[in-house]
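coords.cif, holding mmCIF, C-alpha atoms:
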data_run
loop_
_atom_site.group_PDB
_atom_site.id
_atom_site.type_symbol
_atom_site.label_atom_id
_atom_site.label_comp_id
_atom_site.auth_asym_id
_atom_site.auth_seq_id
_atom_site.Cartn_x
_atom_site.Cartn_y
_atom_site.Cartn_z
ATOM 1 C CA MET A 1 105.351 95.090 67.778
ATOM 2 C CA TRP A 2 106.583 92.733 70.492
ATOM 3 C CA LYS A 3 104.137 90.475 72.271
ATOM 4 C CA LYS A 4 103.968 91.645 75.827
ATOM 5 C CA PHE A 5 100.772 90.421 77.402
ATOM 6 C CA ASP A 6 98.704 87.274 77.396
ATOM 7 C CA LEU A 7 95.798 85.875 79.408
ATOM 8 C CA THR A 8 94.413 82.368 79.708
ATOM 9 C CA THR A 9 91.729 81.039 82.034
ATOM 10 C CA THR A 10 91.253 77.467 83.171
ATOM 11 C CA GLU A 11 88.432 76.019 85.219
ATOM 12 C CA ASP A 12 89.604 74.220 88.347
ATOM 13 C CA LYS A 13 88.130 72.515 91.393
ATOM 14 C CA ALA A 14 88.757 72.889 95.099
ATOM 15 C CA GLY A 15 86.577 70.185 96.682
ATOM 16 C CA GLU A 16 83.098 70.914 95.410
ATOM 17 C CA LEU A 17 83.913 74.501 94.546
ATOM 18 C CA THR A 18 84.533 75.600 90.988
ATOM 19 C CA LEU A 19 87.297 78.144 90.619
ATOM 20 C CA TYR A 20 88.712 80.048 87.689
ATOM 21 C CA VAL A 21 92.464 80.404 87.433
ATOM 22 C CA VAL A 22 93.506 83.352 85.280
ATOM 23 C CA ASN A 23 97.112 83.088 84.152
ATOM 24 C CA VAL A 24 98.619 86.501 83.383
ATOM 25 C CA LYS A 25 101.840 86.704 81.365
ATOM 26 C CA GLY A 26 104.014 89.650 80.455
ATOM 27 C CA TYR A 27 103.595 93.273 81.499
ATOM 28 C CA LEU A 28 100.474 94.705 83.101
ATOM 29 C CA ASP A 29 100.643 98.442 82.460
ATOM 30 C CA SER A 30 98.526 101.230 81.020
ATOM 31 C CA SER A 31 98.699 99.665 77.556
ATOM 32 C CA THR A 32 97.425 96.249 78.679
ATOM 33 C CA PHE A 33 95.293 96.709 81.818
ATOM 34 C CA GLN A 34 92.078 97.012 79.814
ATOM 35 C CA ASP A 35 92.467 93.427 78.545
ATOM 36 C CA LEU A 36 92.640 92.087 82.094
ATOM 37 C CA GLN A 37 89.758 94.294 83.214
ATOM 38 C CA ASP A 38 87.520 93.120 80.352
ATOM 39 C CA HIS A 39 88.485 89.506 80.980
ATOM 40 C CA LEU A 40 87.725 89.625 84.720
ATOM 41 C CA HIS A 41 84.513 91.594 84.105
ATOM 42 C CA GLN A 42 83.339 88.891 81.750
ATOM 43 C CA LEU A 43 84.011 86.142 84.286
ATOM 44 C CA ILE A 44 82.177 88.020 87.035
ATOM 45 C CA ASP A 45 79.261 88.872 84.723
ATOM 46 C CA GLU A 46 78.932 85.143 84.066
ATOM 47 C CA GLY A 47 78.779 84.516 87.818
ATOM 48 C CA LYS A 48 82.303 83.059 87.905
ATOM 49 C CA CYS A 49 83.329 84.981 90.983
ATOM 50 C CA ARG A 50 85.865 82.693 92.691
ATOM 51 C CA ILE A 51 88.982 83.731 90.859
ATOM 52 C CA VAL A 52 92.682 83.037 91.345
ATOM 53 C CA VAL A 53 94.932 85.351 89.352
ATOM 54 C CA GLU A 54 98.195 83.522 88.724
ATOM 55 C CA PHE A 55 101.123 85.893 88.306
ATOM 56 C CA GLY A 56 103.990 83.431 87.801
ATOM 57 C CA GLU A 57 104.881 84.882 84.416
ATOM 58 C CA LEU A 58 104.018 88.508 85.131
ATOM 59 C CA ASN A 59 107.084 90.752 84.868
ATOM 60 C CA TYR A 60 105.667 94.125 85.874
ATOM 61 C CA ILE A 61 102.509 95.745 87.220
ATOM 62 C CA SER A 62 101.791 99.477 87.131
ATOM 63 C CA SER A 63 99.185 101.508 88.984
ATOM 64 C CA ALA A 64 96.720 100.810 86.160
ATOM 65 C CA GLY A 65 97.028 97.069 86.846
ATOM 66 C CA LEU A 66 96.762 97.566 90.600
ATOM 67 C CA GLY A 67 93.611 99.611 90.040
ATOM 68 C CA VAL A 68 92.024 96.806 88.003
ATOM 69 C CA LEU A 69 92.724 94.303 90.763
ATOM 70 C CA MET A 70 91.255 96.548 93.460
ATOM 71 C CA GLY A 71 88.128 97.192 91.377
ATOM 72 C CA MET A 72 87.642 93.536 90.467
ATOM 73 C CA LEU A 73 88.246 92.449 94.062
ATOM 74 C CA GLN A 74 85.250 94.511 95.132
ATOM 75 C CA GLU A 75 83.093 93.148 92.312
ATOM 76 C CA ALA A 76 84.056 89.516 93.004
ATOM 77 C CA ARG A 77 83.191 89.945 96.696
ATOM 78 C CA GLU A 78 79.877 91.583 95.831
ATOM 79 C CA CYS A 79 78.896 88.369 94.019
ATOM 80 C CA ASP A 80 79.943 86.122 96.957
ATOM 81 C CA GLY A 81 83.332 85.272 95.544
ATOM 82 C CA ASP A 82 86.826 86.569 95.978
ATOM 83 C CA LEU A 83 89.896 87.452 93.964
ATOM 84 C CA LYS A 84 93.074 85.848 95.259
ATOM 85 C CA LEU A 85 96.530 86.345 93.819
ATOM 86 C CA ALA A 86 99.119 83.600 93.557
ATOM 87 C CA ASN A 87 102.676 82.832 92.536
ATOM 88 C CA MET A 88 104.097 86.347 92.236
ATOM 89 C CA SER A 89 107.679 86.959 91.229
ATOM 90 C CA SER A 90 109.731 88.745 93.865
ATOM 91 C CA LYS A 91 109.736 91.892 91.738
ATOM 92 C CA VAL A 92 105.944 92.055 91.477
ATOM 93 C CA ARG A 93 105.589 91.155 95.164
ATOM 94 C CA ASN A 94 107.960 94.004 96.033
ATOM 95 C CA LEU A 95 105.745 96.446 94.151
ATOM 96 C CA PHE A 96 102.687 95.275 96.102
ATOM 97 C CA ASP A 97 104.577 95.517 99.395
ATOM 98 C CA MET A 98 106.190 98.871 98.647
ATOM 99 C CA LEU A 99 102.815 100.507 98.046
ATOM 100 C CA GLY A 100 100.836 98.716 100.753
ATOM 101 C CA PHE A 101 98.533 96.775 98.410
ATOM 102 C CA SER A 102 99.619 93.422 99.863
ATOM 103 C CA ARG A 103 97.759 94.378 103.037
ATOM 104 C CA LEU A 104 94.495 94.748 101.144
ATOM 105 C CA ILE A 105 94.344 91.740 98.861
ATOM 106 C CA HIS A 106 95.050 88.077 99.607
ATOM 107 C CA ILE A 107 98.338 86.847 98.138
ATOM 108 C CA TYR A 108 99.392 83.171 98.187
ATOM 109 C CA GLU A 109 102.583 81.282 97.419
ATOM 110 C CA ASP A 110 100.934 79.230 94.698
ATOM 111 C CA VAL A 111 97.598 78.322 93.155
ATOM 112 C CA GLU A 112 97.177 75.301 95.464
ATOM 113 C CA SER A 113 97.400 77.529 98.552
ATOM 114 C CA ALA A 114 94.846 79.918 97.051
ATOM 115 C CA LYS A 115 92.512 76.971 96.365
ATOM 116 C CA LYS A 116 92.859 75.799 99.978
ATOM 117 C CA ALA A 117 91.991 79.302 101.148
ATOM 118 C CA PHE A 118 88.798 79.230 99.076
ATOM 119 C CA LEU A 119 87.915 75.884 100.695
ATOM 120 C CA LYS A 120 88.577 77.354 104.129
ATOM 121 C CA ASP A 121 86.392 80.398 103.390
ATOM 122 C CA ASP A 122 83.646 78.018 102.297
ATOM 123 C CA ALA A 123 84.003 75.699 105.307
ATOM 124 C CA ASN A 124 83.829 78.640 107.698
ATOM 125 C CA GLY A 125 80.709 79.807 105.926
ATOM 126 C CA SER A 126 82.216 83.229 106.064
ATOM 127 C CA GLU A 127 82.691 85.894 103.504
ATOM 128 C CA PRO A 128 86.290 86.743 102.680
ATOM 129 C CA THR A 129 87.838 89.194 105.082
ATOM 130 C CA PRO A 130 86.823 92.750 104.207
ATOM 131 C CA MET A 131 89.659 94.604 102.530
ATOM 132 C CA GLU A 132 90.165 97.084 105.331
ATOM 133 C CA GLU A 133 90.681 94.294 107.855
ATOM 134 C CA SER A 134 92.621 91.734 105.868
ATOM 135 C CA TYR A 135 96.059 92.546 107.243
ATOM 136 C CA MET B 136 115.199 135.259 87.754
ATOM 137 C CA THR B 137 114.604 131.731 86.517
ATOM 138 C CA ARG B 138 117.633 129.487 86.574
ATOM 139 C CA GLU B 139 118.227 127.611 83.317
ATOM 140 C CA PRO B 140 118.163 123.863 83.936
ATOM 141 C CA SER B 141 121.384 121.991 83.288
ATOM 142 C CA PRO B 142 121.393 119.917 80.112
ATOM 143 C CA ALA B 143 120.175 116.360 80.528
ATOM 144 C CA ASP B 144 122.756 113.584 80.683
ATOM 145 C CA LEU B 145 120.323 111.273 78.917
ATOM 146 C CA ALA B 146 117.062 111.905 77.098
ATOM 147 C CA ILE B 147 114.602 109.961 74.989
ATOM 148 C CA GLU B 148 111.407 110.932 73.222
ATOM 149 C CA ILE B 149 108.461 108.686 72.518
ATOM 150 C CA SER B 150 105.170 109.121 70.696
ATOM 151 C CA ALA B 151 102.195 109.585 72.981
ATOM 152 C CA ASP B 152 101.354 105.900 72.797
ATOM 153 C CA SER B 153 101.422 103.658 75.847
ATOM 154 C CA ARG B 154 102.863 100.778 73.832
ATOM 155 C CA TRP B 155 106.263 102.497 74.212
ATOM 156 C CA LEU B 156 106.215 102.268 77.989
ATOM 157 C CA LEU B 157 107.846 98.855 77.973
ATOM 158 C CA LEU B 158 110.816 100.291 76.100
ATOM 159 C CA VAL B 159 111.055 103.212 78.533
ATOM 160 C CA ARG B 160 111.090 100.822 81.497
ATOM 161 C CA GLU B 161 113.800 98.697 79.887
ATOM 162 C CA TYR B 162 115.859 101.860 79.323
ATOM 163 C CA VAL B 163 115.533 102.823 82.988
ATOM 164 C CA ASN B 164 116.396 99.292 84.101
ATOM 165 C CA LEU B 165 119.511 99.264 81.982
ATOM 166 C CA LEU B 166 120.560 102.604 83.439
ATOM 167 C CA ALA B 167 119.852 101.383 86.988
ATOM 168 C CA ARG B 168 122.131 98.385 86.400
ATOM 169 C CA GLN B 169 124.882 100.627 85.024
ATOM 170 C CA LEU B 170 124.596 102.906 88.056
ATOM 171 C CA ASP B 171 124.650 99.930 90.417
ATOM 172 C CA LEU B 172 121.399 100.951 92.113
ATOM 173 C CA THR B 173 119.896 98.571 94.650
ATOM 174 C CA HIS B 174 116.944 96.439 93.502
ATOM 175 C CA GLU B 175 114.608 98.623 95.504
ATOM 176 C CA GLU B 176 115.967 101.884 94.092
ATOM 177 C CA ALA B 177 115.803 100.480 90.569
ATOM 178 C CA LEU B 178 112.231 99.279 91.033
ATOM 179 C CA GLN B 179 111.123 102.621 92.467
ATOM 180 C CA LEU B 180 112.729 104.522 89.608
ATOM 181 C CA GLU B 181 111.259 102.186 86.993
ATOM 182 C CA MET B 182 107.772 102.481 88.425
ATOM 183 C CA CYS B 183 107.853 106.277 88.808
ATOM 184 C CA VAL B 184 109.180 106.863 85.297
ATOM 185 C CA ASP B 185 106.507 104.510 83.953
ATOM 186 C CA GLU B 186 103.757 106.309 85.890
ATOM 187 C CA ALA B 187 104.988 109.766 84.862
ATOM 188 C CA CYS B 188 105.241 108.853 81.172
ATOM 189 C CA SER B 189 101.855 107.156 81.331
ATOM 190 C CA ASN B 190 100.333 110.353 82.797
ATOM 191 C CA SER B 191 101.969 112.442 80.072
ATOM 192 C CA ILE B 192 100.694 110.139 77.339
ATOM 193 C CA HIS B 193 97.199 110.412 78.789
ATOM 194 C CA ALA B 194 97.465 114.230 79.022
ATOM 195 C CA VAL B 195 98.581 114.472 75.374
ATOM 196 C CA GLN B 196 95.925 112.074 74.095
ATOM 197 C CA LYS B 197 93.244 114.034 75.937
ATOM 198 C CA LEU B 198 94.259 117.378 74.420
ATOM 199 C CA HIS B 199 95.419 116.570 70.909
ATOM 200 C CA ALA B 200 93.467 114.958 68.112
ATOM 201 C CA ASP B 201 96.726 113.754 66.589
ATOM 202 C CA PRO B 202 98.964 112.729 69.506
ATOM 203 C CA ASP B 203 101.785 111.825 67.093
ATOM 204 C CA LYS B 204 102.509 115.543 66.705
ATOM 205 C CA CYS B 205 103.428 115.855 70.345
ATOM 206 C CA LYS B 206 106.169 113.714 71.839
ATOM 207 C CA VAL B 207 106.728 112.794 75.456
ATOM 208 C CA ARG B 208 110.314 113.526 76.490
ATOM 209 C CA LEU B 209 112.124 111.831 79.347
ATOM 210 C CA GLU B 210 115.250 113.559 80.664
ATOM 211 C CA LEU B 211 117.636 112.187 83.266
ATOM 212 C CA ARG B 212 120.289 114.107 85.156
ATOM 213 C CA LEU B 213 122.719 111.984 87.078
ATOM 214 C CA ALA B 214 124.783 112.985 90.088
ATOM 215 C CA ASP B 215 126.773 110.957 92.592
ATOM 216 C CA GLU B 216 123.991 110.813 95.116
ATOM 217 C CA HIS B 217 120.821 111.439 93.184
ATOM 218 C CA ILE B 218 118.999 110.960 89.913
ATOM 219 C CA ARG B 219 116.773 113.769 88.714
ATOM 220 C CA VAL B 220 114.045 112.901 86.239
ATOM 221 C CA THR B 221 111.991 115.308 84.140
ATOM 222 C CA VAL B 222 109.064 114.219 82.005
ATOM 223 C CA ILE B 223 107.912 116.830 79.496
ATOM 224 C CA ASP B 224 104.799 116.836 77.345
ATOM 225 C CA CYS B 225 102.517 119.293 75.550
ATOM 226 C CA GLY B 226 99.319 117.909 77.058
ATOM 227 C CA GLY B 227 96.673 119.613 79.150
ATOM 228 C CA ASP B 228 97.232 121.103 82.581
ATOM 229 C CA PHE B 229 97.062 118.546 85.394
ATOM 230 C CA SER B 230 98.045 120.861 88.266
ATOM 231 C CA GLU B 231 94.813 120.235 90.154
ATOM 232 C CA HIS B 232 95.377 116.495 89.997
ATOM 233 C CA PHE B 233 99.023 116.996 90.998
ATOM 234 C CA HIS B 234 98.151 119.073 94.051
ATOM 235 C CA ASN B 235 95.366 116.710 95.130
ATOM 236 C CA ALA B 236 97.565 113.605 94.917
ATOM 237 C CA LEU B 237 98.869 112.855 98.396
ATOM 238 C CA PRO B 238 101.560 110.333 99.285
ATOM 239 C CA MET B 239 100.129 106.889 100.075
ATOM 240 C CA THR B 240 100.603 106.759 103.811
ATOM 241 C CA GLY B 241 97.351 105.159 104.998
ATOM 242 C CA LEU B 242 95.337 102.265 103.663
ATOM 243 C CA THR B 243 92.033 103.974 103.146
ATOM 244 C CA ASP B 244 92.809 105.364 99.735
ATOM 245 C CA ARG B 245 93.641 102.211 97.806
ATOM 246 C CA THR B 246 90.193 101.184 96.678
ATOM 247 C CA ARG B 247 89.938 103.324 93.539
ATOM 248 C CA LYS B 248 90.229 101.832 90.092
ATOM 249 C CA ARG B 249 92.454 104.575 88.605
ATOM 250 C CA GLY B 250 94.525 107.593 89.434
ATOM 251 C CA TYR B 251 97.308 106.262 91.642
ATOM 252 C CA GLY B 252 100.181 107.407 89.407
ATOM 253 C CA LEU B 253 101.069 110.769 90.962
ATOM 254 C CA GLN B 254 100.439 109.413 94.441
ATOM 255 C CA ILE B 255 102.939 106.633 93.765
ATOM 256 C CA ILE B 256 105.535 109.133 92.531
ATOM 257 C CA LYS B 257 105.052 111.311 95.608
ATOM 258 C CA THR B 258 105.343 108.234 97.825
ATOM 259 C CA LEU B 259 108.458 106.711 96.301
ATOM 260 C CA MET B 260 110.498 109.743 95.250
ATOM 261 C CA ASP B 261 112.285 112.196 97.539
ATOM 262 C CA GLU B 262 111.381 115.442 95.761
ATOM 263 C CA VAL B 263 108.541 116.012 93.301
ATOM 264 C CA SER B 264 107.494 119.207 91.557
ATOM 265 C CA TYR B 265 105.319 120.187 88.617
ATOM 266 C CA GLU B 266 105.128 123.143 86.232
ATOM 267 C CA HIS B 267 102.555 123.904 83.570
ATOM 268 C CA ASP B 268 103.045 126.520 80.902
ATOM 269 C CA PRO B 269 100.063 127.112 78.572
ATOM 270 C CA HIS B 270 102.445 127.465 75.608
ATOM 271 C CA HIS B 271 104.851 124.658 76.376
ATOM 272 C CA GLY B 272 102.847 122.146 78.370
ATOM 273 C CA ASN B 273 103.803 120.094 81.396
ATOM 274 C CA ARG B 274 107.068 119.396 83.192
ATOM 275 C CA LEU B 275 107.054 116.895 86.021
ATOM 276 C CA HIS B 276 110.318 116.719 87.951
ATOM 277 C CA PHE B 277 111.289 114.173 90.558
ATOM 278 C CA THR B 278 114.460 113.245 92.346
ATOM 279 C CA LYS B 279 115.595 110.018 93.928
ATOM 280 C CA PHE B 280 118.482 110.150 96.330
ATOM 281 C CA VAL B 281 120.488 106.970 95.985
ATOM 282 C CA ARG B 282 123.148 105.375 98.080
ATOM 283 C CA VAL B 283 126.615 106.088 96.791
ATOM 284 C CA VAL B 284 128.535 103.072 95.547
ATOM 285 C CA SER B 285 131.009 103.116 98.445
ATOM 286 C CA ASP B 286 128.117 102.592 100.898
ATOM 287 C CA LYS B 287 126.943 99.389 99.233
#

Re-express the file's structure as structure tokens.
Amino acid sequence: MWKKFDLTTTEDKAGELTLYVVNVKGYLDSSTFQDLQDHLHQLIDEGKCRIVVEFGELNYISSAGLGVLMGMLQEARECDGDLKLANMSSKVRNLFDMLGFSRLIHIYEDVESAKKAFLKDDANGSEPTPMEESY
Amino acid sequence: MTREPSPADLAIEISADSRWLLLVREYVNLLARQLDLTHEEALQLEMCVDEACSNSIHAVQKLHADPDKCKVRLELRLADEHIRVTVIDCGGDFSEHFHNALPMTGLTDRTRKRGYGLQIIKTLMDEVSYEHDPHHGNRLHFTKFVRVVSDK
């Protein structure tokens, strides 16, 4: 079978903050969403709750993938972190926009912008904007 | 009297295994390019076919111990101004789920982990209907009205 999904995580820094950048490649659909869910669960269980999901090489996301992101967003925020998305292709961004998910989850041009946003959240001493008010 | 549906212009069958969804999406994308659909129309069609086939695969896997014995069939009927899609499977009845799935108009209902598929189809397609027959399984129909080429 063809290889259609891959995940890698790298540790990164934004000032004093430690972040985890999850690079997602391929197609995030009902055959692959469980891999991402398990991977993000593991990070959060280990207390690694400031996460940037980097979508530069993601070609497609289905409702199963969107559901994982919404679930993990809640879990990351419950452990004083956040889940921010970065570097989406125009196709994937269109899917988020078309269905209204881009109004509920923070999306950034690139990983650097997402890192700056984590620094800003930290400097303000504030929790990330609640999902219902983040648009 | 029930009207016999017209024969499909295009049809494919896959095993009830979500690994085939990528191939189904590529098939729809190729068709969308041939029909000169806009990017938005193509994306909507790709996503709805993917969601419908994914639902069918799930329905078959839930009901049958050996899902290989029951294929999921995708049929497409093409007209100048619309594309009609039918997804057929021999899985369990999901009429309750179909009737409870509302189009995604507000923001309050996007915090679940699963179960957006039918909502997405009802949001993005122009007509959606569902039939379940205990002997023959499920038929999900949806139609997308597309701009005719001369309007582009």

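Within the file as shown, the PyMOL selection byres ((chain A and resi 69-86) around 7) identifies A:Leu40, A:Ile44, A:Cys49, A:Arg50, A:Ile51, A:Val52, A:Val53, A:Glu54, A:Phe55, A:Gly65, A:Leu66, A:Gly67, A:Val68, A:Asn87, A:Met88, A:His106, A:Ile107, A:Tyr108, A:Glu109, A:Asp110, A:Val111, A:Ala114, A:Pro128, B:Thr246, B:Arg247, B:Lys248.
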
Give me the box for region 254-261 of chain B as AutoDock Vina command-line options, namely the centre and edge lengths in Å to one decimal of a box along x, y and z that holds every listed atom plus 3 Å on each side.
--center_x 106.4 --center_y 109.4 --center_z 95.2 --size_x 17.8 --size_y 11.6 --size_z 11.3

List the spatial neighbours of Phe96 (chain A) as a PDB file with C-alpha atoms, in the coordinates of the input - criterion: any atom at most 9 Å away, only C-alpha atoms, same-chain residues fewer than 6 positions off excluded.
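Now in selection38.pdb:
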ATOM      1  CA  ILE A  61     102.509  95.745  87.220  1.00  0.00           C
ATOM      2  CA  LEU A  66      96.762  97.566  90.600  1.00  0.00           C
ATOM      3  CA  SER A 102      99.619  93.422  99.863  1.00  0.00           C
ATOM      4  CA  ARG A 103      97.759  94.378 103.037  1.00  0.00           C
TER       5      ARG A 103
END

I would like the residues chosen by the PyMOL selection byres ((chain B) within 12 of (chain A)) on the shown file; could you give them as a short mmCIF file (atom, residue, chain, number, x, y, z; two decimals) with C-alpha atoms, in the frame of the given file?
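Listing of part31.cif after writing:
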data_model
loop_
_atom_site.label_atom_id
_atom_site.label_comp_id
_atom_site.auth_asym_id
_atom_site.auth_seq_id
_atom_site.Cartn_x
_atom_site.Cartn_y
_atom_site.Cartn_z
CA ALA B 151 102.20 109.58 72.98
CA ASP B 152 101.35 105.90 72.80
CA SER B 153 101.42 103.66 75.85
CA ARG B 154 102.86 100.78 73.83
CA TRP B 155 106.26 102.50 74.21
CA LEU B 156 106.22 102.27 77.99
CA LEU B 157 107.85 98.86 77.97
CA LEU B 158 110.82 100.29 76.10
CA ARG B 160 111.09 100.82 81.50
CA GLU B 161 113.80 98.70 79.89
CA HIS B 174 116.94 96.44 93.50
CA GLU B 175 114.61 98.62 95.50
CA GLU B 176 115.97 101.88 94.09
CA ALA B 177 115.80 100.48 90.57
CA LEU B 178 112.23 99.28 91.03
CA GLN B 179 111.12 102.62 92.47
CA LEU B 180 112.73 104.52 89.61
CA GLU B 181 111.26 102.19 86.99
CA MET B 182 107.77 102.48 88.42
CA CYS B 183 107.85 106.28 88.81
CA VAL B 184 109.18 106.86 85.30
CA ASP B 185 106.51 104.51 83.95
CA GLU B 186 103.76 106.31 85.89
CA ALA B 187 104.99 109.77 84.86
CA CYS B 188 105.24 108.85 81.17
CA SER B 189 101.86 107.16 81.33
CA ASN B 190 100.33 110.35 82.80
CA SER B 191 101.97 112.44 80.07
CA ILE B 192 100.69 110.14 77.34
CA HIS B 193 97.20 110.41 78.79
CA PRO B 238 101.56 110.33 99.28
CA MET B 239 100.13 106.89 100.08
CA THR B 240 100.60 106.76 103.81
CA GLY B 241 97.35 105.16 105.00
CA LEU B 242 95.34 102.26 103.66
CA THR B 243 92.03 103.97 103.15
CA ASP B 244 92.81 105.36 99.74
CA ARG B 245 93.64 102.21 97.81
CA THR B 246 90.19 101.18 96.68
CA ARG B 247 89.94 103.32 93.54
CA LYS B 248 90.23 101.83 90.09
CA ARG B 249 92.45 104.58 88.60
CA GLY B 250 94.52 107.59 89.43
CA TYR B 251 97.31 106.26 91.64
CA GLY B 252 100.18 107.41 89.41
CA LEU B 253 101.07 110.77 90.96
CA GLN B 254 100.44 109.41 94.44
CA ILE B 255 102.94 106.63 93.76
CA ILE B 256 105.54 109.13 92.53
CA LYS B 257 105.05 111.31 95.61
CA THR B 258 105.34 108.23 97.82
CA LEU B 259 108.46 106.71 96.30
#

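The space between CA of Gly56 (chain A) and CA of Thr18 (chain A) spans 21.2 Å.
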
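Nearest residue to Glu11 (chain A) among A:Lys115, A:Asn59, A:Leu36, A:Gly26 is A:Lys115, counting all atoms listed in the file.
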
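You will find CA of Val195 (chain B) at 26.9 Å from CA of Leu213 (chain B).
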
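With CA of Tyr265 (chain B) on one side and CA of Arg168 (chain B) on the other, the separation reads 27.6 Å.
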
Selection: 7 Å around Arg274 (chain B), all atoms listed in the file, excl. self and same-chain fewer than 5 positions, as number ranges by chain: B: 221-224, 265-267

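The nearest approach to Val220 (chain B) among the residues B:Ile147, B:Thr278, B:Asp201, B:Arg208, with all atoms listed in the file taken into account, belongs to B:Thr278.
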
Go through B:Asp144, B:Leu209, B:Val281, B:Glu216 one by one, measure the shortest atom-to-atom distance of each to Tyr162 (chain B) using all atoms listed in the file, and give the residue with the smallest value. B:Leu209

Which residues would end up in the selection if the PyMOL selection byres ((chain B and resi 233) around 9) were applied here, given that I need the answer as a ChimeraX atom specification? /B:229-232,234-237,253-254,264-265

Looking at A:Glu57, A:Asp97, A:Asp35, A:Glu16, which one is nearest to Lys116 (chain A), with distances taken over all atoms listed in the file? A:Glu16
